[in-house]
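Colleague: TSV, C-alpha atoms and all ligand atoms, saved as data.tsv, coming up:
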```tsv
chain	number	residue	atom	x	y	z
A	1	MET	CA	0.80	20.15	-16.08
A	2	ASP	CA	3.69	18.32	-14.39
A	3	SER	CA	4.35	19.18	-10.78
A	4	ASP	CA	7.80	20.27	-9.59
A	5	PHE	CA	7.95	16.95	-7.74
A	6	ASN	CA	7.47	14.95	-10.96
A	7	ASN	CA	9.99	17.09	-12.80
A	8	ASP	CA	12.55	16.59	-10.04
A	9	LYS	CA	11.93	12.85	-10.07
A	10	ARG	CA	12.29	12.73	-13.85
A	11	ASN	CA	15.56	14.68	-13.76
A	12	GLN	CA	16.87	12.48	-10.99
A	13	LYS	CA	16.14	9.28	-12.95
A	14	ARG	CA	17.75	10.71	-16.07
A	15	GLU	CA	20.92	11.61	-14.18
A	16	GLU	CA	20.96	8.26	-12.38
A	17	LEU	CA	20.61	6.32	-15.61
A	18	LYS	CA	23.23	8.40	-17.36
A	19	THR	CA	25.65	7.92	-14.50
A	20	PHE	CA	24.95	4.19	-14.57
A	21	PHE	CA	25.76	4.15	-18.30
A	22	TYR	CA	29.15	5.78	-17.74
A	23	LYS	CA	29.87	3.37	-14.94
A	24	THR	CA	29.09	0.27	-17.02
A	25	LYS	CA	29.97	1.09	-20.63
A	26	ASP	CA	33.55	-0.18	-20.47
A	27	CYS	CA	32.52	-3.54	-18.98
A	28	ARG	CA	34.98	-6.35	-19.60
A	29	GLU	CA	33.34	-8.97	-17.43
A	30	CYS	CA	32.78	-11.50	-20.22
A	31	ASP	CA	34.50	-12.32	-23.49
A	32	LEU	CA	31.93	-10.43	-25.59
A	33	HIS	CA	33.83	-7.22	-24.87
A	34	LYS	CA	36.65	-8.53	-27.08
A	35	THR	CA	34.52	-8.56	-30.22
A	36	ARG	CA	32.04	-5.75	-29.57
A	37	ILE	CA	32.22	-2.32	-31.15
A	38	ASN	CA	29.78	-0.74	-28.70
A	39	PHE	CA	28.31	-1.58	-25.34
A	40	VAL	CA	24.61	-1.20	-26.19
A	41	PHE	CA	23.20	0.11	-22.92
A	42	GLY	CA	19.66	0.80	-24.15
A	43	SER	CA	17.89	4.03	-24.96
A	44	GLY	CA	14.70	5.99	-24.54
A	45	ASN	CA	12.81	7.65	-21.74
A	46	SER	CA	14.32	7.33	-18.27
A	47	SER	CA	10.84	7.77	-16.75
A	48	ALA	CA	9.17	5.36	-19.15
A	49	PRO	CA	6.03	3.56	-18.00
A	50	VAL	CA	7.08	0.55	-20.09
A	51	ILE	CA	10.46	-1.06	-20.74
A	52	PHE	CA	10.74	-3.41	-23.72
A	53	VAL	CA	13.49	-5.98	-23.28
A	54	GLY	CA	15.01	-7.83	-26.23
A	55	GLU	CA	17.76	-10.41	-26.46
A	56	ALA	CA	21.09	-8.94	-27.51
A	57	PRO	CA	22.46	-6.39	-29.98
A	58	GLY	CA	22.91	-7.51	-33.57
A	59	LYS	CA	25.30	-6.12	-36.15
A	60	ASN	CA	23.56	-2.77	-36.68
A	61	GLU	CA	23.02	-2.24	-32.98
A	62	ASP	CA	26.69	-2.97	-32.30
A	63	LEU	CA	27.73	-0.48	-34.99
A	64	GLN	CA	25.42	2.30	-33.82
A	65	GLY	CA	25.45	1.61	-30.09
A	66	LYS	CA	21.64	1.65	-29.92
A	67	PRO	CA	19.11	-1.16	-29.46
A	68	PHE	CA	16.77	-2.33	-32.22
A	69	VAL	CA	17.99	-0.23	-35.12
A	70	GLY	CA	17.93	-2.99	-37.75
A	71	GLN	CA	15.04	-4.75	-39.46
A	72	ALA	CA	13.48	-5.99	-36.20
A	73	GLY	CA	13.82	-2.44	-34.88
A	74	ARG	CA	11.85	-1.00	-37.78
A	75	LEU	CA	9.09	-3.48	-37.05
A	76	LEU	CA	9.26	-2.58	-33.36
A	77	ASP	CA	8.80	1.10	-34.28
A	78	GLU	CA	5.75	0.22	-36.39
A	79	LEU	CA	4.24	-1.85	-33.60
A	80	LEU	CA	4.87	0.93	-31.08
A	81	ALA	CA	3.15	3.38	-33.42
A	82	THR	CA	0.04	1.15	-33.54
A	83	ILE	CA	-0.37	1.73	-29.80
A	84	GLY	CA	0.51	5.40	-29.91
A	85	PHE	CA	4.11	5.24	-28.70
A	86	LYS	CA	7.31	6.72	-30.06
A	87	ARG	CA	10.74	5.67	-28.86
A	88	ASP	CA	10.90	8.79	-26.70
A	89	ASP	CA	7.96	7.52	-24.68
A	90	ILE	CA	9.38	4.15	-23.66
A	91	PHE	CA	12.74	2.55	-22.86
A	92	ILE	CA	14.32	-0.28	-24.88
A	93	ALA	CA	17.04	-2.54	-23.52
A	94	ASN	CA	18.40	-6.03	-24.02
A	95	VAL	CA	19.41	-8.95	-21.80
A	96	LEU	CA	22.96	-8.75	-23.18
A	97	LYS	CA	24.62	-5.40	-23.76
A	98	CYS	CA	27.21	-6.71	-26.22
A	99	ARG	CA	26.75	-8.50	-29.51
A	100	PRO	CA	27.40	-12.24	-29.52
A	101	PRO	CA	29.64	-13.04	-32.54
A	102	GLU	CA	27.66	-13.97	-35.67
A	103	ASN	CA	24.48	-13.20	-33.68
A	104	ARG	CA	24.66	-16.58	-31.96
A	105	ASP	CA	22.34	-17.20	-29.00
A	106	PRO	CA	23.42	-15.75	-25.65
A	107	ASN	CA	24.99	-18.35	-23.37
A	108	ILE	CA	24.19	-18.82	-19.71
A	109	ASN	CA	27.46	-17.33	-18.46
A	110	GLU	CA	26.93	-14.20	-20.53
A	111	ILE	CA	23.37	-13.85	-19.26
A	112	ASN	CA	24.39	-14.37	-15.65
A	113	THR	CA	27.19	-11.83	-15.96
A	114	CYS	CA	25.12	-9.19	-17.73
A	115	LYS	CA	21.73	-9.48	-16.03
A	116	LYS	CA	22.64	-7.13	-13.18
A	117	TYR	CA	22.77	-4.25	-15.65
A	118	LEU	CA	19.23	-4.88	-16.86
A	119	PHE	CA	17.93	-5.32	-13.32
A	120	SER	CA	19.49	-2.04	-12.26
A	121	GLN	CA	18.02	-0.26	-15.28
A	122	ILE	CA	14.58	-1.57	-14.33
A	123	GLU	CA	15.10	-0.37	-10.77
A	124	ILE	CA	16.15	3.09	-11.81
A	125	ILE	CA	13.40	3.59	-14.39
A	126	ASP	CA	10.85	1.81	-12.21
A	127	PRO	CA	8.30	1.19	-15.00
A	128	LEU	CA	4.75	-0.07	-14.45
A	129	ILE	CA	5.24	-2.73	-17.13
A	130	VAL	CA	8.18	-4.78	-18.35
A	131	CYS	CA	7.38	-6.22	-21.76
A	132	THR	CA	9.75	-9.07	-22.54
A	133	LEU	CA	10.40	-9.73	-26.21
A	134	GLY	CA	11.11	-13.40	-26.85
A	135	ARG	CA	12.40	-16.26	-24.84
A	136	TYR	CA	15.62	-14.94	-23.32
A	137	SER	CA	14.25	-11.85	-21.61
A	138	THR	CA	11.05	-13.65	-20.61
A	139	GLN	CA	12.85	-16.56	-18.97
A	140	LEU	CA	15.28	-14.24	-17.23
A	141	ILE	CA	12.71	-11.86	-15.79
A	142	LEU	CA	10.24	-14.57	-14.80
A	143	ASP	CA	13.05	-16.83	-13.59
A	144	THR	CA	11.61	-19.81	-15.45
A	145	SER	CA	12.60	-22.34	-18.10
A	146	THR	CA	9.06	-22.48	-19.56
A	147	GLY	CA	8.99	-21.69	-23.28
A	148	ILE	CA	7.73	-18.36	-24.63
A	149	ASN	CA	4.79	-19.98	-26.44
A	150	LYS	CA	3.33	-21.09	-23.12
A	151	LEU	CA	3.92	-17.69	-21.49
A	152	ARG	CA	2.85	-15.18	-24.11
A	153	GLY	CA	-0.77	-14.12	-23.76
A	154	ARG	CA	-0.49	-14.18	-19.96
A	155	VAL	CA	0.26	-11.32	-17.60
A	156	PHE	CA	2.42	-11.74	-14.52
A	157	ARG	CA	2.86	-9.50	-11.52
A	158	ILE	CA	6.09	-9.21	-9.56
A	159	SER	CA	5.51	-6.93	-6.58
A	160	ASP	CA	3.59	-4.06	-8.16
A	161	ARG	CA	5.09	-4.43	-11.63
A	162	LEU	CA	3.36	-6.22	-14.49
A	163	ILE	CA	5.40	-8.50	-16.73
A	164	VAL	CA	4.01	-9.07	-20.22
A	165	PRO	CA	5.84	-11.70	-22.27
A	166	ILE	CA	5.38	-11.44	-26.02
A	167	ASN	CA	7.11	-12.85	-29.08
A	168	HIS	CA	10.30	-11.24	-30.34
A	169	PRO	CA	9.51	-8.99	-33.36
A	170	ALA	CA	12.17	-10.85	-35.38
A	171	ALA	CA	9.98	-13.96	-35.16
A	172	ALA	CA	7.24	-12.17	-37.11
A	173	LEU	CA	9.76	-11.15	-39.79
A	174	TYR	CA	10.32	-14.79	-40.57
A	175	THR	CA	6.80	-16.06	-39.86
A	176	PRO	CA	4.29	-13.45	-41.06
A	177	SER	CA	1.35	-15.38	-39.58
A	178	ARG	CA	2.68	-14.28	-36.17
A	179	MET	CA	2.21	-10.61	-37.01
A	180	GLN	CA	-1.41	-10.40	-35.86
A	181	ILE	CA	-0.54	-12.11	-32.58
A	182	LEU	CA	2.22	-9.56	-32.06
A	183	LYS	CA	-0.12	-6.65	-32.81
A	184	ASP	CA	-2.69	-8.05	-30.38
A	185	ASP	CA	-0.03	-8.41	-27.71
A	186	PHE	CA	1.13	-4.82	-28.19
A	187	LYS	CA	-2.48	-3.70	-27.88
A	188	LYS	CA	-2.66	-5.60	-24.60
A	189	VAL	CA	0.33	-3.64	-23.28
A	190	ARG	CA	-1.48	-0.40	-24.12
A	191	ASP	CA	-4.72	-1.58	-22.47
A	192	LEU	CA	-2.90	-2.66	-19.33
A	193	LEU	CA	-1.18	0.68	-19.10
A	194	ASP	CA	-4.42	2.57	-19.63
A	195	ASN	CA	-6.05	0.54	-16.84
A	196	TYR	CA	-3.14	0.65	-14.45
A	197	GLN	CA	-4.61	3.43	-12.37
A	198	ASN	CA	-7.39	0.99	-11.57
A	199	PRO	CA	-5.56	-2.27	-10.76
A	200	GLU	CA	-8.79	-4.14	-9.84
A	201	SER	CA	-9.81	-3.93	-13.46
A	202	ILE	CA	-6.74	-5.94	-14.41
A	203	THR	CA	-7.85	-9.53	-14.08
A	204	GLN	CA	-6.17	-12.81	-14.93
A	205	VAL	CA	-2.81	-11.81	-13.58
A	206	ASP	CA	-0.47	-14.54	-12.35
A	207	GLU	CA	1.12	-13.42	-9.12
A	208	ILE	CA	4.63	-14.78	-8.97
A	209	GLN	CA	7.38	-14.62	-6.44
A	210	VAL	CA	10.83	-14.22	-7.91
A	211	GLN	CA	13.81	-14.44	-5.59
A	212	PRO	CA	15.30	-10.96	-5.34
A	213	GLN	CA	18.48	-10.96	-7.38
A	214	GLN	CA	21.20	-8.39	-7.20
A	215	GLY	CA	19.68	-5.29	-8.65
A	216	ASN	CA	16.25	-6.89	-8.97
A	217	GLY	CA	14.87	-6.66	-5.47
A	218	ASN	CA	16.52	-4.08	-3.32
A	219	LYS	CA	18.30	-1.02	-4.56
A	220	SER	CA	21.46	-2.50	-6.02
A	221	MET	CA	25.05	-1.64	-5.32
A	222	ASP	CA	25.39	-0.59	-8.90
A	223	SER	CA	22.70	2.03	-8.88
A	224	LYS	CA	23.65	3.24	-5.39
A	225	GLU	CA	27.25	3.67	-6.39
A	226	ALA	CA	26.17	5.22	-9.65
A	227	ASN	CA	24.38	7.90	-7.65
A	228	ASP	CA	27.59	8.91	-5.95
A	229	ARG	CA	29.63	9.33	-9.08
A	230	GLU	CA	30.01	12.37	-11.20
A	231	THR	CA	28.62	12.26	-14.72
A	232	PRO	CA	31.12	13.25	-17.37
A	233	GLU	CA	29.61	15.12	-20.30
A	234	SER	CA	30.40	13.58	-23.65
A	235	SER	CA	29.02	12.73	-27.05
A	236	ASP	CA	28.26	9.27	-25.63
A	237	ASP	CA	25.08	10.89	-24.33
A	238	LYS	CA	23.67	10.62	-27.84
A	239	GLN	CA	23.80	6.85	-27.55
A	240	LEU	CA	21.25	6.99	-24.73
A	241	GLY	CA	18.65	9.16	-26.41
A	242	LEU	CA	17.55	10.04	-22.89
A	243	PHE	CA	14.37	11.99	-22.29
B	1	LIG	N1	17.20	-8.00	-31.43
B	1	LIG	C1	17.31	-7.80	-30.10
B	1	LIG	O1	16.88	-8.62	-29.31
B	1	LIG	N2	17.85	-6.68	-29.69
B	1	LIG	C2	18.28	-5.73	-30.51
B	1	LIG	O2	18.76	-4.70	-30.04
B	1	LIG	C3	18.15	-5.96	-31.89
B	1	LIG	C4	17.61	-7.10	-32.34
```
Translate the structure described by the file into structure tokens.

Modeller:
Amino acid sequence: MDSDFNNDKRNQKREELKTFFYKTKDCRECDLHKTRINFVFGSGNSSAPVIFVGEAPGKNEDLQGKPFVGQAGRLLDELLATIGFKRDDIFIANVLKCRPPENRDPNINEINTCKKYLFSQIEIIDPLIVCTLGRYSTQLILDTSTGINKLRGRVFRISDRLIVPINHPAAALYTPSRMQILKDDFKKVRDLLDNYQNPESITQVDEIQVQPQQGNGNKSMDSKEANDRETPESSDDKQLGLF
């Protein structure tokens, strides 16, 4: 049974994340706000042991305000189910919170403007594992320009957090031969999580030092300020699916 301490911590994270959502959802820091319908903050469990990080919202995500609700999202749900997870158990976010027009690739200015939101989400949720889906989230989190094909299959550690780069589920939609690799990589996430209580059993981890970025090292301004603000109640809460 959960202790009062764990319950308090869980409630605190939920409130902090919700407050952070209200603080950020009207962002106009880059041009993507001009064409977006929704700021897709991310959704799931605010005390999740794993955060999955995709690239950017597509058309369906922009319409619904939630991450991974299209075809790639259905595949993500199936893959999560193979390792015993539902969406309520984990948190899903993206590098960009707004849809790039015509689903074009994110550009460097957009990533640099938006990354502080993801870093603050990671800080608030404080997961054991960040699983990066595809090249954009992997290169951002690991602060590298190395391609995803060279990084997937390896496990990295930043401080006491494990980073597990895997292919983006959309890649398997177009190249079915990648499906088994994706399933194996999801299984690895589960195994790492199951062994986390015993870190010595986790071998072959690349220790890496990433320069602390705003919101990635120390408690960021954003999440600190978010703590001090009141949380308005509104139907926007539904967008977060917070547990
Ligand atoms: N692809 C992503 O990277 N993110 C989404 O939310 C949907 C598709």

Colleague: Given only C-alpha atoms and all ligand atoms as the basis, pick out the residue of A:Asn38, A:Asn11, A:Gln71, A:Thr175 nearest to ligand LIG 1 (chain B).

Modeller: A:Gln71

Colleague: Between A:Ala72, A:Cys27, A:Leu17, A:Cys131, which residue has the minimum interatomic distance to A:Pro49, considering all atoms listed in the file?

Modeller: A:Cys131

Colleague: Applying 8 Å and only C-alpha atoms, which residues near A:Pro106 remain after dropping the ones on its own chain fewer than 5 positions away? List them as a PDB file with C-alpha atoms, keeping the file's coordinate frame.

Modeller:
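Output (part_38.pdb):
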```pdb
ATOM      1  CA  GLU A  55      17.760 -10.410 -26.460  1.00  0.00           C
ATOM      2  CA  ALA A  56      21.090  -8.940 -27.510  1.00  0.00           C
ATOM      3  CA  LEU A  96      22.960  -8.750 -23.180  1.00  0.00           C
ATOM      4  CA  PRO A 100      27.400 -12.240 -29.520  1.00  0.00           C
ATOM      5  CA  ILE A 111      23.370 -13.850 -19.260  1.00  0.00           C
TER       6      ILE A 111
END
```

Colleague: Please report the interatomic distance between atom CA of A:Ala48 and atom CA of A:Asp126 in Å with one decimal.

Modeller: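 Atom CA of A:Ala48 sits 8.0 Å away from atom CA of A:Asp126.
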
Colleague: What does the distance between atom CA of A:Asp184 and atom CA of A:Ala172 come to in Å, to one decimal place?

Modeller: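 Interatomic distance, atom CA of A:Asp184 to atom CA of A:Ala172: 12.7 Å.
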
Colleague: With only C-alpha atoms as the basis for distance, which of A:Asp194, A:Asp77, A:Glu29, A:Asp237 is at the shortest distance from A:Ile92?

Modeller: A:Asp77

Colleague: Could you work out an axis-aligned box for ligand LIG 1 (chain B), taking every atom the file lists and adding 8 Å on each side, and report centre and edge lengths in Å to one decimal, as AutoDock Vina command-line options?

Modeller:
```
--center_x 17.8 --center_y -6.7 --center_z -30.8 --size_x 17.9 --size_y 19.9 --size_z 19.0
```

Colleague: Show me which residues sit within 10 Å of ligand LIG 1 (chain B) when counting all atoms listed in the file, and put them as number ranges by chain.

Modeller: A: 40-42, 52-62, 65-74, 76, 92-99, 103, 132-137, 168-170

Colleague: Just to confirm, what's the straight-line distance from atom CA of A:Val50 to atom CA of A:Phe119 in Å (one decimal)?

Modeller: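 Computing it gives 14.1 Å between the two atoms.
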
Colleague: Kindly provide, as JSON, numbers by chain, the polymer residues lying within 12 Å of (0.8, -14.2, -35.4), counting all atoms listed in the file and using the coordinates exactly as they appear in the file.

Modeller: {"A": [149, 152, 153, 166, 167, 168, 169, 170, 171, 172, 173, 174, 175, 176, 177, 178, 179, 180, 181, 182, 183, 184, 185, 186]}

Colleague: Could you take the residues named above and write them with C-alpha atoms, as an mmCIF file, in the frame of the given file?

Modeller:
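Here's the written file result23.cif:
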```
data_model
loop_
_atom_site.group_PDB
_atom_site.id
_atom_site.type_symbol
_atom_site.label_atom_id
_atom_site.label_comp_id
_atom_site.auth_asym_id
_atom_site.auth_seq_id
_atom_site.Cartn_x
_atom_site.Cartn_y
_atom_site.Cartn_z
ATOM 1 C CA ASN A 149 4.790 -19.980 -26.440
ATOM 2 C CA ARG A 152 2.850 -15.180 -24.110
ATOM 3 C CA GLY A 153 -0.770 -14.120 -23.760
ATOM 4 C CA ILE A 166 5.380 -11.440 -26.020
ATOM 5 C CA ASN A 167 7.110 -12.850 -29.080
ATOM 6 C CA HIS A 168 10.300 -11.240 -30.340
ATOM 7 C CA PRO A 169 9.510 -8.990 -33.360
ATOM 8 C CA ALA A 170 12.170 -10.850 -35.380
ATOM 9 C CA ALA A 171 9.980 -13.960 -35.160
ATOM 10 C CA ALA A 172 7.240 -12.170 -37.110
ATOM 11 C CA LEU A 173 9.760 -11.150 -39.790
ATOM 12 C CA TYR A 174 10.320 -14.790 -40.570
ATOM 13 C CA THR A 175 6.800 -16.060 -39.860
ATOM 14 C CA PRO A 176 4.290 -13.450 -41.060
ATOM 15 C CA SER A 177 1.350 -15.380 -39.580
ATOM 16 C CA ARG A 178 2.680 -14.280 -36.170
ATOM 17 C CA MET A 179 2.210 -10.610 -37.010
ATOM 18 C CA GLN A 180 -1.410 -10.400 -35.860
ATOM 19 C CA ILE A 181 -0.540 -12.110 -32.580
ATOM 20 C CA LEU A 182 2.220 -9.560 -32.060
ATOM 21 C CA LYS A 183 -0.120 -6.650 -32.810
ATOM 22 C CA ASP A 184 -2.690 -8.050 -30.380
ATOM 23 C CA ASP A 185 -0.030 -8.410 -27.710
ATOM 24 C CA PHE A 186 1.130 -4.820 -28.190
#
```

Colleague: Which protein, DNA or RNA residues have an atom at most 12 Å from (29.9, 6.9, -24.9), counting only C-alpha atoms? List them as a PyMOL selection string.

Modeller: chain A and resi 18-26+37-42+64-66+231-241

Colleague: Restricting the calculation to all atoms listed in the file: of A:Ile124, A:Val130, A:Ala81, A:Leu32, which residue gets closest to A:Arg104?

Modeller: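 Among the listed residues, the smallest separation from A:Arg104 belongs to A:Leu32.
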
Colleague: So which residues touch A:Leu193 within 8 Å, counting only C-alpha atoms, skipping near sequence neighbours fewer than 3 positions away, as a PDB file with C-alpha atoms, in the frame of the given file?

Modeller:
```pdb
ATOM      1  CA  PRO A  49       6.030   3.560 -18.000  1.00  0.00           C
ATOM      2  CA  LEU A 128       4.750  -0.070 -14.450  1.00  0.00           C
ATOM      3  CA  ILE A 129       5.240  -2.730 -17.130  1.00  0.00           C
ATOM      4  CA  VAL A 189       0.330  -3.640 -23.280  1.00  0.00           C
ATOM      5  CA  ARG A 190      -1.480  -0.400 -24.120  1.00  0.00           C
ATOM      6  CA  TYR A 196      -3.140   0.650 -14.450  1.00  0.00           C
TER       7      TYR A 196
END
```
